[in-house]
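Trainee: Sharing a structure with you now.
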Amino acid sequence: MPAPKDSSGECASPALLSGWAKDDLDAALAAYRVTQDLLPEGWPRAGDDAARHFFESAFRIALPGSEGLLTGYYEPELDGRLSPDARFRFALYGPPCDLPATALWFSRAEIEDGNLLAGRELVWLESRLEAFLAQVQGSVRVRLADGRRLRLGFAGKNGHPYASIGKELIRRGELDAENASVAAIRDWAARNPGLLPGLLRTNASFVFFRHLDLPPESGPLGTLGRPVTALRSIAVDPDHVPLGAPVWVEWQGQGRLMIAQDTGSAIKGAGRGDIFLGSGAEAGQAAGALKAPGRMTVLLPCGAAP
């Protein structure tokens with residue numbers, strides 16, 4: 001399907017998108033400004049123009065929208081300790097000194113069996129599953145006993161492909177595809193603690209963390225190295241969507257302008273997106289429940305080739 005055209009035959013203005021007029025484009029522009037200096041030469045830089053005028057005058061729908069799956073991710077907020085004890089026994093780790101830039105490092109099972117990250121512990125959590133899920137999300141806020149808050153963010157991975165434990169439980173017949181949410185996985189883990197370590201090892205990928213110095217109101221860092229914004233930043237496949245580009249996202253009867261500011265191991269394809277939903281338990285519940293068909297329409301600068 002070709003990209004929509006206006007009456008002059010040019011690629012259409014985003015103002016023609018269904019729901020565009022109702023969106024809070026000021027919020028979208030604030031997110032766009034966070035990474036606009038990282039865009040290639042020729043991409044618009046927002047000045048003092050009003051948000052609606054900026055997006056409608058500087059961008060066009062150069063490509064048709066892509067249908068696909070939309071999910072959500074978040075920044076967990078968990079209790080933790082700087083030293084292990086009987087309650088806090090599961091660590092998040094910094095990267096090893098010998099982590100290769102491009103080649104595979106050891107798998108999750110090999111790391112655990114060989115205790116290969118001893119001495120690289122950054123913080124200790126009380127749940128094996130929540131430590132694993134923090135790796136999946138790629139960031140975490142940790143509440144310490146003295147009231148301090150640690151912010152940890154992605155610092156690398158072992159290079160092995162990501163495998164979904166939800167899909168593995170479906171394959172085993174433990175969960176139905178329609179009900180394979182994070183809440184369902186937590187429920188299964190609570191009922192099957194002895195089987196949980198083996199399940200987690202089916203995902204050979206392992207993520208490492210680093211300390212971040214971020215203000216409390218800031219989101220975690222995305223792939224572009226800048227904070228992401230709740231309900232305005234989306235993780236995309238950079239082979240199909242330019243990082244930093246505005247993307248009109250439609251799902252479950254709503255439309256919202258977001259900025260492509262993150263990526264993810266499971267985010268593949270032109271219509272595949274993962275929406276950042278914020279930090280903490282409420283955002284986690286929303287992220288765990290979001291799995292919906294949607295449509296993503298990338299906006300490109302006026303005159304840019306598709």
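We name chains A, B, ... following the order of the structure tokens; residues begin at 1 in each chain, and ligands are numbered from 1 as shown.
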Quick check for you: according to DSSP on this backbone, which residues of region 36-157 of chain A are classed as alpha helix (DSSP H)? Reply as a list in words.
Mentor: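 Taking region 36-157 of chain A and keeping alpha helix (DSSP H) gives Ala51, Arg52, His53, Phe54, Phe55, Glu56, Ser57, Ala58, Arg108, Ala109, Glu110, Ile111, Glu112, Asp113, Gly114, Arg128, Leu129, Glu130, Ala131, Phe132, Leu133, Ala134, Gln135, Val136 and Gln137 of chain A.
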Trainee: Env of region 242-259 of chain A: 8 Å cut, atoms = only C-alpha atoms, seq-sep filter 4 positions within chain, self excluded. Answer as a VMD selection string.
Mentor: chain A and resid 18 to 20 23 25 28 31 to 32 35 to 36 38 to 39 70 224 231 to 234 236 238 292 to 300
Trainee: Create the file for the chosen residues now, containing N, CA and C atoms and written as a compact mmCIF listing (two decimals), in the first residue's frame.
Mentor:
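Output (out-v5.txt):
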# COMPACT_ATOMS: atom_id res chain seq x y z
N SER A 18 -5.90 9.83 11.80
CA SER A 18 -7.07 9.73 12.65
C SER A 18 -6.68 9.89 14.11
N GLY A 19 -7.28 10.85 14.81
CA GLY A 19 -7.00 11.09 16.21
C GLY A 19 -5.91 12.11 16.46
N TRP A 20 -5.24 12.54 15.41
CA TRP A 20 -4.11 13.48 15.56
C TRP A 20 -4.54 14.75 16.29
N ASP A 23 -4.50 14.68 20.22
CA ASP A 23 -3.32 14.30 21.00
C ASP A 23 -2.64 15.53 21.60
N LEU A 25 0.33 17.16 21.71
CA LEU A 25 1.60 17.19 20.98
C LEU A 25 2.69 17.94 21.74
N ALA A 28 4.60 15.23 23.27
CA ALA A 28 5.42 14.55 22.27
C ALA A 28 6.65 15.39 21.91
N ALA A 31 9.40 15.11 24.50
CA ALA A 31 10.17 13.87 24.34
C ALA A 31 11.09 13.96 23.13
N TYR A 32 10.62 14.55 22.04
CA TYR A 32 11.44 14.69 20.83
C TYR A 32 12.69 15.52 21.11
N THR A 35 16.19 13.96 22.38
CA THR A 35 17.17 13.28 21.51
C THR A 35 17.34 13.95 20.15
N GLN A 36 16.76 15.13 19.93
CA GLN A 36 16.81 15.72 18.60
C GLN A 36 18.24 16.07 18.17
N LEU A 38 20.74 14.30 18.46
CA LEU A 38 21.40 13.07 18.01
C LEU A 38 20.95 12.65 16.62
N LEU A 39 19.96 13.32 16.05
CA LEU A 39 19.45 12.97 14.72
C LEU A 39 20.44 13.39 13.64
N LEU A 70 1.95 -4.58 19.71
CA LEU A 70 2.41 -3.58 20.65
C LEU A 70 2.39 -4.17 22.06
N LEU A 224 19.48 5.37 22.95
CA LEU A 224 20.17 6.58 22.55
C LEU A 224 20.95 7.22 23.69
N LEU A 231 4.81 6.82 28.07
CA LEU A 231 3.76 6.94 27.05
C LEU A 231 4.13 7.89 25.91
N ARG A 232 5.41 8.26 25.82
CA ARG A 232 5.88 9.06 24.69
C ARG A 232 7.12 8.47 24.04
N SER A 233 7.77 7.52 24.69
CA SER A 233 8.92 6.85 24.11
C SER A 233 8.54 5.41 23.76
N ILE A 234 9.04 4.95 22.62
CA ILE A 234 8.72 3.60 22.19
C ILE A 234 9.99 2.91 21.70
N VAL A 236 11.73 0.30 19.24
CA VAL A 236 11.44 -0.11 17.86
C VAL A 236 12.56 -0.97 17.32
N PRO A 238 15.34 -0.79 14.82
CA PRO A 238 16.01 0.28 14.07
C PRO A 238 16.28 -0.06 12.61
N ALA A 292 -1.27 -6.08 22.44
CA ALA A 292 -2.40 -5.76 21.58
C ALA A 292 -1.95 -5.52 20.15
N PRO A 293 -2.81 -5.83 19.19
CA PRO A 293 -2.49 -5.44 17.81
C PRO A 293 -2.51 -3.92 17.70
N GLY A 294 -1.66 -3.40 16.86
CA GLY A 294 -1.58 -1.95 16.70
C GLY A 294 -1.03 -1.59 15.34
N ARG A 295 -0.86 -0.30 15.17
CA ARG A 295 -0.37 0.24 13.90
C ARG A 295 0.61 1.36 14.19
N MET A 296 1.75 1.34 13.52
CA MET A 296 2.78 2.34 13.69
C MET A 296 3.04 3.05 12.37
N THR A 297 2.95 4.38 12.38
CA THR A 297 3.19 5.18 11.20
C THR A 297 4.36 6.10 11.47
N VAL A 298 5.45 5.89 10.76
CA VAL A 298 6.68 6.67 10.98
C VAL A 298 6.55 7.99 10.22
N LEU A 299 6.91 9.09 10.87
CA LEU A 299 6.97 10.39 10.24
C LEU A 299 8.41 10.71 9.86
N LEU A 300 8.60 11.18 8.64
CA LEU A 300 9.93 11.54 8.15
C LEU A 300 9.95 13.01 7.78
Trainee: Could you name the residues that touch Gly198 (chain A) at 12 Å or less, counting only C-alpha atoms, but leaving out those on the same chain fewer than 4 positions away, as a VMD selection string?
Mentor: chain A and resid 108 to 109 112 128 to 129 165 168 to 169 189 192 to 194 202 to 204
Trainee: Let me see the file: selected residues, N, CA and C atoms, as a compact mmCIF listing (two decimals), in the first residue's frame.
Mentor:
# COMPACT_ATOMS: atom_id res chain seq x y z
N ARG A 108 23.51 -18.05 30.29
CA ARG A 108 22.97 -17.91 31.65
C ARG A 108 23.32 -19.14 32.50
N ALA A 109 23.11 -20.33 31.96
CA ALA A 109 23.39 -21.54 32.72
C ALA A 109 24.88 -21.64 33.06
N GLU A 112 25.79 -19.19 35.86
CA GLU A 112 25.34 -19.63 37.18
C GLU A 112 26.14 -20.83 37.67
N ARG A 128 14.27 -14.29 42.90
CA ARG A 128 14.98 -14.74 41.70
C ARG A 128 14.26 -14.29 40.44
N LEU A 129 12.92 -14.40 40.46
CA LEU A 129 12.16 -14.01 39.27
C LEU A 129 12.24 -12.51 39.03
N ILE A 165 10.28 -16.57 28.48
CA ILE A 165 9.85 -17.63 29.38
C ILE A 165 8.34 -17.81 29.32
N GLU A 168 7.83 -20.20 26.60
CA GLU A 168 8.25 -21.53 27.02
C GLU A 168 7.18 -22.19 27.87
N LEU A 169 6.53 -21.42 28.75
CA LEU A 169 5.46 -21.99 29.56
C LEU A 169 4.26 -22.36 28.70
N ALA A 189 5.32 -19.19 39.07
CA ALA A 189 6.57 -19.29 39.83
C ALA A 189 6.30 -19.51 41.31
N ASN A 192 5.47 -23.09 41.71
CA ASN A 192 6.49 -24.04 41.25
C ASN A 192 7.90 -23.51 41.50
N PRO A 193 8.23 -23.19 42.76
CA PRO A 193 9.54 -22.60 43.02
C PRO A 193 10.71 -23.47 42.61
N GLY A 194 10.53 -24.78 42.72
CA GLY A 194 11.62 -25.67 42.35
C GLY A 194 11.90 -25.73 40.86
N THR A 202 16.13 -21.29 30.27
CA THR A 202 15.77 -21.42 28.86
C THR A 202 16.03 -20.12 28.10
N ASN A 203 16.20 -19.03 28.81
CA ASN A 203 16.64 -17.77 28.20
C ASN A 203 18.13 -17.63 28.46
N ALA A 204 18.95 -17.97 27.47
CA ALA A 204 20.40 -17.93 27.64
C ALA A 204 20.95 -16.52 27.74
Trainee: Name all residues at most 12 Å from His240 (chain A) (count only C-alpha atoms; drop same-chain ones fewer than 5 positions away) and give them as a short mmCIF file (atom, residue, chain, number, x, y, z; two decimals) with C-alpha atoms, in the first residue's frame.
Mentor:
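result32.cif written:
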data_model
loop_
_atom_site.label_atom_id
_atom_site.label_comp_id
_atom_site.auth_asym_id
_atom_site.auth_seq_id
_atom_site.Cartn_x
_atom_site.Cartn_y
_atom_site.Cartn_z
CA LEU A 63 5.53 5.51 4.37
CA GLY A 65 1.59 2.52 8.53
CA SER A 66 2.70 -0.96 9.59
CA ALA A 235 11.23 0.82 21.56
CA ALA A 245 11.92 9.68 14.66
CA VAL A 247 5.97 7.57 15.28
CA ALA A 260 11.52 6.04 18.74
CA THR A 263 15.29 -0.90 21.17
CA ILE A 267 11.41 -5.98 19.08
CA LYS A 268 11.67 -7.07 15.46
CA GLY A 269 9.73 -5.85 12.42
CA ALA A 270 8.28 -2.61 11.11
CA GLY A 271 5.07 -2.87 13.14
CA ARG A 272 6.55 -4.19 16.38
CA GLY A 273 6.73 -1.67 19.21
CA MET A 296 2.78 2.34 13.69
CA THR A 297 3.19 5.18 11.20
CA VAL A 298 6.68 6.67 10.98
CA PRO A 306 11.21 6.75 2.28
#
Trainee: Looking at A:Leu117, A:Leu78, A:Ala103, A:Ala145, which one is nearest to Gly280 (chain A), with distances taken over only C-alpha atoms?
Mentor: A:Leu78
Trainee: Could you tell me how far CA of Gly72 (chain A) lies from CA of Arg143 (chain A), in Å and to one decimal?
Mentor: 23.1 Å
Trainee: Of the residues A:Ala155, A:Ala283, A:Ala15, A:Val241, which is the one nearest to Arg52 (chain A), using only C-alpha atoms?
Mentor: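 Nearest to Arg52 (chain A): A:Ala15.
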Trainee: Identify, with DSSP run on backbone atoms, the residues in region 211-256 of chain A assigned to strand (DSSP E), and express the list as number ranges by chain.
Mentor: A: 211, 233-235, 246-251, 254-256
Trainee: Between A:Val207, A:Leu144, A:Ala62, A:Leu221, which is the closest to Tyr93 (chain A) once you count only C-alpha atoms?
Mentor: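 Using only C-alpha atoms, the shortest distance to Tyr93 (chain A) belongs to A:Val207.
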